[in-house]
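These notes concern the structure reproduced below.
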Amino acid sequence: MSLLKTSRKFHKWLMLFLGIQFVIWTVSGAYMVIFDIDYIHGDSLVVNHQSKIDVDNINFTLGDLLEVYPNAENLEMGVFIDQGVYRFTIKSGDGDDSTDKKTQYLVATSNGQQLSPLNEDLAKRAAQHYYSGEGNIVDVELITENPPFELSRRRLPAWRVNFNDFGSPSIYVSAQSGKLVTKRHEFWRFFDLMFSLHVMDYEDEDPSNLLLFWFVLFSLIASLFGFVLTYFRIFKAKNSVEQETAPTVKDMN
Amino acid sequence: MALIKIIHKWLSLLVGLQLLIWLGSGFFFNLMDGEKAHGGQYRIWQQQKSVIEPSQLFDPKLILTQLSKQNIEVISLKQIQLLAKPYYLLTHEKSLYAHFKNNYSLVDAYSGEIVIIDEAMASMLANNSYSGAGEILSAVKLSPPYDDIAREKNNVWQINYSDDNYTSVYVDAGSGRLIAHSNDDKRFADFFFMLHFMDYGNEASFNNIQIIIFAIFTLFFALTGLIWTIELGFNGQYKLSFFFKGKSTLQDIILLDKNQQRINDVNLTRNINLLDALLVHDIALSSSCGGGGTCGQCKIKMSNNNGSQFKVTSADYAQLNDAELEQGYRLACQHTSEGVEQITLLDVTQGKKHQLMLQQSKFISPFIKELRFSLVDESPLSYKAGAFMRFIIPAGKGCSIPLKLPDDLQPHWHHIEHLEYEHLACTRSYSLAETSLNTEELIFTIKIQSAPHNVTLPGVGSSYLCNLEQGELVDAIGPFEEFYAVNNSDKTMVLLGAGSGMAPLKSLIAEQMAVKNSAENSTGKSDETVPRAIHFFYGARTQNDLLYAEYFDDLAEQHDLFNYYPVLSQANEDWTGEKGYIQQTLFQQFDGLGDVGNLEFYLCGPQALMAETITLLKAKGVTDSAIKFDSFGGNNVLLKKQ
């Protein structure tokens, strides 16, 4: 009997302190497994355009490009909204990779017109092109520094285009390359919060933190005590059904 | 609230193991080295780059024109470097992510020639990213799915190295992209990820149906637990003793027995529940759940002088009826002594502990033994017939078959599987089979309970006691007098029992006979002058199971007013007595027993028999107060049915 009592006592007391975290773990865990990760990543927010480069529309050749931008590097060709474009970078600085600043350029293949940096109208057009939903643009913002949590610093400068649709989706368009940088909706933002809560790291979402260590350790202990209770309540309870004459006398009134 | 607890209990069985797996693997993630878990022990991240002279690059327009003639369309063309040489990576089919299915071609950016990544190139790409000492063992081109890189959907080259960590390097066969390094560190970590995500199909996903189902169940598990914890908090089950230091934590309490007789005054601490607090004073209330409020056995009655009501917890509510709650009945495990002035102990009249020594142990039927004990260092006990004692069975090893089984009983035990088991300490109650008027010995008839199926253990208490050797000692509390003959009554006693339910009935009969004999001796009057008639209905399966048959036959012969009705349910041909079920015999004889108002019934046997008998007696017009019963089950199932 003492094992049962000890287990009940420890389970009761440990869970007083751990119980809330158990609820947090299960709520956040359930959220993360129930919502499909591709949906969370906003894959359904954007159209995976397969626009092909129109060869006949390349009037501005690599040679022409290098005449205008002799230091162009990391050349790339593709389609921006509806026209063929060159993308390339130009380094500025003293040649040291760690301090050099790279600027991306976007140039039309048809006539060599430089489209970058994107103005607000072009950014809106691009965002609408990438966006798969029905909503309208509610607000546009050029972010050049102090990016929000959901946008990497490497992606700056970028336009954030917000739509008034289910889940408040945001489409981030690079102000230099015109590429879709990332997309976010409330479900992803909430997922990030849930993940932080799940690993008990509210700064950099790292599961290797001491708070989590102690909580998991004590939770394991508390759960093992819980297991003892389950054993007694379910498997031992069956045994006590065949308790031998344990008289409890009741007057029938 | 009872539902919450039931849900919590059964969910614990359903998700308990998975919860431990989650916690265990979560603990692993907390402790693991993130670098190692990524398989990056020998990974070189910075690739050597050469300076590309843009003017020497092959004009991409020419490549695109060439391809367009072959009807090959291109979504994007990107200049990349592989092995410090420039290439154009052409995308024909594009996905949102590199690891989704993509379709590429690779073109030498200087010559404009199409390049296929062959084994040699893949090996060089791998070598460039590898800092270990191993040699390439093999390079294989593979198609998805992959164990090591489960989310990758493109064809890959797998380059395996002969190092101590079994490194494999994966290169995208279409683009030359270095996908990942994998090694035994990563595979070890992946195993825990598989457990944590329940990803037994290696889909590199935690959105599988099994984890969703478990997550939902576990969510309810945690929520019911939280509600339970909150309820415990409201019921004052979280009391910190050190917060109360300096203040008096003791409460003076008067203990009463069920007849409101003062037993004792005790000082009970307010910091633990009454079940535990009483135990400190050697008062052991019955409890099979250990204080969880789920067995309902630790019922007490609480009162105080100002007459205020005690709070009712959900466990009280589930186990007790409204009338009981109104009168102050509560479960001892749910309350502390705070504000309580008197406690009525219902199943304890004189809960004193005794040490008993076994004097004799013998089989009186194939499965029932008669045990005779004497008290150690104590004067004889006096108790009402029908009383029981609670034995304290220590933890130990038990055996499903009695150790010393006489040869002639062996056949009866053949069908019982031999099973040795360990059991925890527990208490078991047994009725005394004699009256203290006749003997100083404490006599019990105990049925050795065998397991009904192989999932449960055989009767721990009965096996232990029946295997005791002569001269061995055992502790018992009691006797508890809860089932006894009505005082000063001259009504006809009708006793009905079966199996080992014999014990308290035999004791009642013996008591009546002893009283009668002493009355005869003192007054010299004859048998007929004591008008109390006794009818004893006893059911068993076969002749072998009829306990004390000779004793009762003799009694019936000597005393006209004692009538003995043995009934066998599985009698053989030799049997000339009644056959069938005992309750049927009772009703065949019922009208001959006398006026219904002049009958008292005493029942002891299996619950089903008693429930059926009670129903039938009521149909005959017998009032509740004329029926006393002593149940095997230990809890008040019969009362609950009323």
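How things are named: the first chain in the structure tokens is A, the next is B, and so on; residues count from 1 in each chain; ligands count from 1 in the order shown.
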
Discussion item. Run DSSP on the backbone and tell me which residues of stretch 171-253 of chain B come out as helix (DSSP H, G or I); list them as a VMD selection string.
Written reply: chain B and resid 184 to 197 209 to 234 241 to 244

Worksheet item: Skipping near chain neighbours, those fewer than 4 positions away, what residues fall within 9 Å of stretch 154-168 of chain A using only C-alpha atoms, listed as number ranges by chain?
Response: A: 118, 120, 123-124, 127-128, 133-145, 147, 172-176, 178, 181, 184-187

Write the residues of the selection above to a file with N, CA, C and O atoms, as a compact mmCIF listing (two decimals), in the first residue's frame.
```
# COMPACT_ATOMS: atom_id res chain seq x y z
N LEU A 118 12.77 47.70 -56.42
CA LEU A 118 11.35 47.72 -56.76
C LEU A 118 10.64 48.90 -56.10
O LEU A 118 10.86 49.16 -54.91
N GLU A 120 6.94 50.73 -55.01
CA GLU A 120 5.79 50.16 -54.31
C GLU A 120 4.82 49.49 -55.28
O GLU A 120 4.32 48.39 -55.02
N ALA A 123 6.21 46.21 -56.44
CA ALA A 123 6.18 45.25 -55.34
C ALA A 123 4.77 44.70 -55.15
O ALA A 123 4.56 43.51 -54.93
N LYS A 124 3.77 45.59 -55.26
CA LYS A 124 2.38 45.15 -55.11
C LYS A 124 1.99 44.19 -56.23
O LYS A 124 1.35 43.16 -56.00
N ALA A 127 3.64 40.90 -55.57
CA ALA A 127 3.01 40.18 -54.47
C ALA A 127 1.68 39.56 -54.92
O ALA A 127 1.38 38.41 -54.60
N GLN A 128 0.93 40.34 -55.68
CA GLN A 128 -0.35 39.81 -56.16
C GLN A 128 -0.15 38.63 -57.11
O GLN A 128 -0.92 37.69 -57.14
N GLY A 133 -4.36 33.69 -53.03
CA GLY A 133 -5.68 33.89 -52.44
C GLY A 133 -6.50 34.95 -53.15
O GLY A 133 -6.12 35.48 -54.19
N GLU A 134 -7.64 35.22 -52.53
CA GLU A 134 -8.60 36.14 -53.12
C GLU A 134 -8.51 37.55 -52.53
O GLU A 134 -9.08 38.49 -53.05
N GLY A 135 -7.79 37.66 -51.40
CA GLY A 135 -7.84 38.90 -50.64
C GLY A 135 -7.21 40.07 -51.36
O GLY A 135 -6.49 39.93 -52.35
N ASN A 136 -7.52 41.25 -50.84
CA ASN A 136 -6.93 42.47 -51.38
C ASN A 136 -5.81 42.95 -50.48
O ASN A 136 -5.75 42.63 -49.29
N ILE A 137 -4.94 43.75 -51.10
CA ILE A 137 -3.83 44.30 -50.34
C ILE A 137 -4.36 45.33 -49.35
O ILE A 137 -5.13 46.21 -49.71
N VAL A 138 -3.97 45.17 -48.08
CA VAL A 138 -4.40 46.16 -47.11
C VAL A 138 -3.28 47.10 -46.73
O VAL A 138 -3.50 48.24 -46.37
N ASP A 139 -2.03 46.60 -46.81
CA ASP A 139 -0.97 47.53 -46.50
C ASP A 139 0.37 47.03 -47.01
O ASP A 139 0.59 45.84 -47.16
N VAL A 140 1.22 47.97 -47.38
CA VAL A 140 2.51 47.66 -47.99
C VAL A 140 3.57 48.43 -47.23
O VAL A 140 3.37 49.59 -46.87
N GLU A 141 4.69 47.75 -46.98
CA GLU A 141 5.73 48.42 -46.21
C GLU A 141 7.09 47.96 -46.70
O GLU A 141 7.30 46.77 -46.92
N LEU A 142 7.99 48.89 -46.87
CA LEU A 142 9.37 48.54 -47.24
C LEU A 142 10.18 48.39 -45.96
O LEU A 142 10.26 49.31 -45.16
N ILE A 143 10.76 47.21 -45.78
CA ILE A 143 11.54 46.97 -44.57
C ILE A 143 13.01 46.98 -44.95
O ILE A 143 13.45 46.17 -45.78
N THR A 144 13.76 47.88 -44.36
CA THR A 144 15.18 47.98 -44.70
C THR A 144 16.07 47.62 -43.52
O THR A 144 17.23 47.28 -43.67
N GLU A 145 15.52 47.73 -42.32
CA GLU A 145 16.29 47.33 -41.14
C GLU A 145 15.33 46.86 -40.05
O GLU A 145 14.12 47.03 -40.17
N PRO A 147 14.28 43.72 -39.13
CA PRO A 147 13.20 42.90 -39.68
C PRO A 147 12.39 42.23 -38.57
O PRO A 147 12.92 42.01 -37.49
N TYR A 172 6.27 38.47 -48.60
CA TYR A 172 7.49 39.28 -48.57
C TYR A 172 8.18 39.17 -49.93
O TYR A 172 8.48 38.07 -50.40
N VAL A 173 8.43 40.34 -50.56
CA VAL A 173 9.07 40.37 -51.87
C VAL A 173 10.39 41.12 -51.72
O VAL A 173 10.43 42.22 -51.15
N SER A 174 11.46 40.51 -52.23
CA SER A 174 12.75 41.19 -52.17
C SER A 174 12.69 42.47 -52.99
O SER A 174 12.26 42.47 -54.14
N ALA A 175 13.13 43.57 -52.39
CA ALA A 175 13.11 44.86 -53.09
C ALA A 175 14.19 44.91 -54.16
O ALA A 175 14.15 45.76 -55.05
N GLN A 176 15.16 43.99 -54.09
CA GLN A 176 16.24 44.01 -55.09
C GLN A 176 16.00 43.00 -56.20
O GLN A 176 16.00 43.34 -57.38
N GLY A 178 13.25 41.04 -56.58
CA GLY A 178 11.84 40.86 -56.94
C GLY A 178 11.33 39.46 -56.64
O GLY A 178 10.18 39.14 -56.93
N VAL A 181 10.37 36.18 -51.12
CA VAL A 181 11.34 35.87 -50.07
C VAL A 181 10.74 34.88 -49.07
O VAL A 181 11.31 33.85 -48.76
N ARG A 184 3.92 34.38 -44.89
CA ARG A 184 3.50 34.07 -43.52
C ARG A 184 2.01 34.29 -43.39
O ARG A 184 1.45 35.18 -44.01
N HIS A 185 1.38 33.44 -42.56
CA HIS A 185 0.03 33.75 -42.11
C HIS A 185 -0.04 33.45 -40.63
O HIS A 185 0.93 32.96 -40.04
N GLU A 186 -1.18 33.72 -40.02
CA GLU A 186 -1.28 33.61 -38.57
C GLU A 186 -1.00 32.19 -38.09
O GLU A 186 -0.51 31.98 -37.00
N PHE A 187 -1.33 31.21 -38.96
CA PHE A 187 -1.14 29.83 -38.53
C PHE A 187 0.34 29.51 -38.34
O PHE A 187 0.72 28.75 -37.46
```

Fill in: Computed interatomic separation between atom CA of A:Glu150 and atom CA of A:Thr182 (Å)
8.5 Å

Practice prompt. Using atom CA of B:Ile582 and atom CA of B:Ala510 as the two end points, give the distance in Å to one decimal.
Written response: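 Taking atom CA of B:Ile582 as the start and atom CA of B:Ala510 as the end point, the length is 21.2 Å.
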
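Here atom CA of B:Ser436 is placed at a distance of 15.4 Å from atom CA of B:Leu371.
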
Practice prompt. Compile the contact shell of B:Pro479 as a PyMOL selection string: residues with an atom at most 10 Å away, counting only C-alpha atoms, same-chain residues fewer than 3 positions apart removed.
Written response: chain B and resi 348-354+381-384+386-390+429-432+442+476+482

Discussion item. Taking only stretch 28-216 of chain A into account, list the residues labelled strand (DSSP E) by DSSP (computed from the backbone), as a ChimeraX atom specification.
Written reply: /A:73-80,83-92,101-108,137-143,158-163,170-174,180-184

Practice prompt. Determine, counting only C-alpha atoms, which protein, DNA and RNA residues have an atom within 8 Å of an atom of stretch 109-114 of chain A; residues of the same chain fewer than 3 positions away are not included. Present the result as a ChimeraX atom specification.
Written response: /A:57-61,65,83-86,105-106

Worksheet item: Using only C-alpha atoms, which residue out of B:Gln359, B:Gln607, B:Asn128, B:Asn438 lies closest to chain A?
Response: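 Checking each of B:Gln359, B:Gln607, B:Asn128, B:Asn438 against chain A, counting only C-alpha atoms, the winner is B:Gln607.
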
Practice prompt. Find, counting only C-alpha atoms, the residue in B:Lys94, B:Arg151, B:Lys49, B:His412 that gets nearest to chain A.
Written response: B:Lys94

Worksheet item: Which one of B:His535, B:Arg330, B:Lys311, B:Lys69 sits closest to B:Gly296 if you count only C-alpha atoms?
Response: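 Ranking B:His535, B:Arg330, B:Lys311, B:Lys69 by distance to B:Gly296, first place goes to B:Arg330.
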
Worksheet item: From the set B:Pro566, B:Glu417, B:Ile21, B:Met357, which residue has the shortest atom-to-atom contact distance to B:Glu469, counting only C-alpha atoms?
Response: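 Among the listed residues, the smallest separation from B:Glu469 belongs to B:Met357.
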
Practice prompt. For stretch 111-113 of chain B, list every protein, DNA or RNA residue within 10 Å, evaluated using only C-alpha atoms, and leave out those in the same chain fewer than 3 positions away; present the list as number ranges by chain.
Written response: B: 56-60, 62-63, 87-88, 106-108, 116

Practice prompt. Could you check which of B:Gly39, B:Pro606, B:Gly471, B:Pro366 is closest to chain A, using only C-alpha atoms?
Written response: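 Counting only C-alpha atoms, the residue closest to chain A is B:Pro606.
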
Worksheet item: Leaving out stretch 25-35 of chain B and any residue of its chain fewer than 2 positions from it, which residues lie within 12 Å of it when counting only C-alpha atoms, given as a PyMOL selection string?
Response: (chain A and resi 25+29+198-201+205-220) or (chain B and resi 18-23+37-43+181-183+185-186+188-198)

Using only C-alpha atoms, please write the residues we just selected to a file, as a CSV table (one decimal), in the first residue's frame.
```
chain,number,residue,atom,x,y,z
A,25,TRP,CA,3.0,20.5,-24.3
A,29,GLY,CA,1.9,19.4,-29.7
A,198,HIS,CA,6.9,23.3,-26.6
A,199,VAL,CA,10.6,23.5,-26.2
A,200,MET,CA,10.3,26.1,-23.4
A,201,ASP,CA,12.7,28.5,-25.1
A,205,GLU,CA,13.6,28.1,-30.0
A,206,ASP,CA,16.4,25.9,-28.9
A,207,PRO,CA,15.5,22.7,-27.2
A,208,SER,CA,18.8,22.5,-25.3
A,209,ASN,CA,17.9,24.8,-22.4
A,210,LEU,CA,18.1,24.2,-18.7
A,211,LEU,CA,14.5,25.1,-18.0
A,212,LEU,CA,13.4,22.3,-20.3
A,213,PHE,CA,15.9,20.0,-18.8
A,214,TRP,CA,14.5,20.3,-15.3
A,215,PHE,CA,10.9,20.2,-16.4
A,216,VAL,CA,11.4,17.1,-18.5
A,217,LEU,CA,13.4,15.4,-15.7
A,218,PHE,CA,10.7,16.0,-13.1
A,219,SER,CA,8.0,15.2,-15.6
A,220,LEU,CA,9.5,11.8,-16.2
B,18,GLN,CA,3.6,7.1,-25.5
B,19,LEU,CA,3.8,9.9,-23.0
B,20,LEU,CA,6.9,8.3,-21.5
B,21,ILE,CA,8.3,7.9,-25.0
B,22,TRP,CA,7.6,11.6,-25.7
B,23,LEU,CA,9.2,12.7,-22.5
B,37,ALA,CA,22.4,15.2,-34.6
B,38,HIS,CA,22.8,16.9,-38.0
B,39,GLY,CA,25.4,14.4,-39.1
B,40,GLY,CA,27.9,17.3,-39.7
B,41,GLN,CA,30.9,15.8,-37.9
B,42,TYR,CA,33.0,15.8,-41.1
B,43,ARG,CA,31.2,18.5,-43.0
B,181,HIS,CA,25.8,14.5,-44.5
B,182,SER,CA,24.5,11.6,-42.5
B,183,ASN,CA,26.3,9.4,-40.1
B,185,ASP,CA,25.1,10.1,-34.8
B,186,LYS,CA,22.4,11.4,-37.0
B,188,PHE,CA,20.8,7.6,-33.7
B,189,ALA,CA,19.1,11.0,-33.3
B,190,ASP,CA,16.7,10.2,-36.2
B,191,PHE,CA,15.6,7.2,-34.3
B,192,PHE,CA,14.5,9.4,-31.4
B,193,PHE,CA,12.8,11.8,-33.9
B,194,MET,CA,10.9,8.8,-35.3
B,195,LEU,CA,9.8,7.9,-31.8
B,196,HIS,CA,8.9,11.5,-30.9
B,197,PHE,CA,7.0,12.0,-34.1
B,198,MET,CA,5.6,8.5,-34.2
```

Item to complete: Identify which of the residues B:Leu96, B:Ile227, B:Ile209, B:Cys466 lies closest to A:Val47, counting only C-alpha atoms when measuring atom-to-atom distances.
Response: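 The shortest atom-to-atom distance to A:Val47 comes from B:Leu96.
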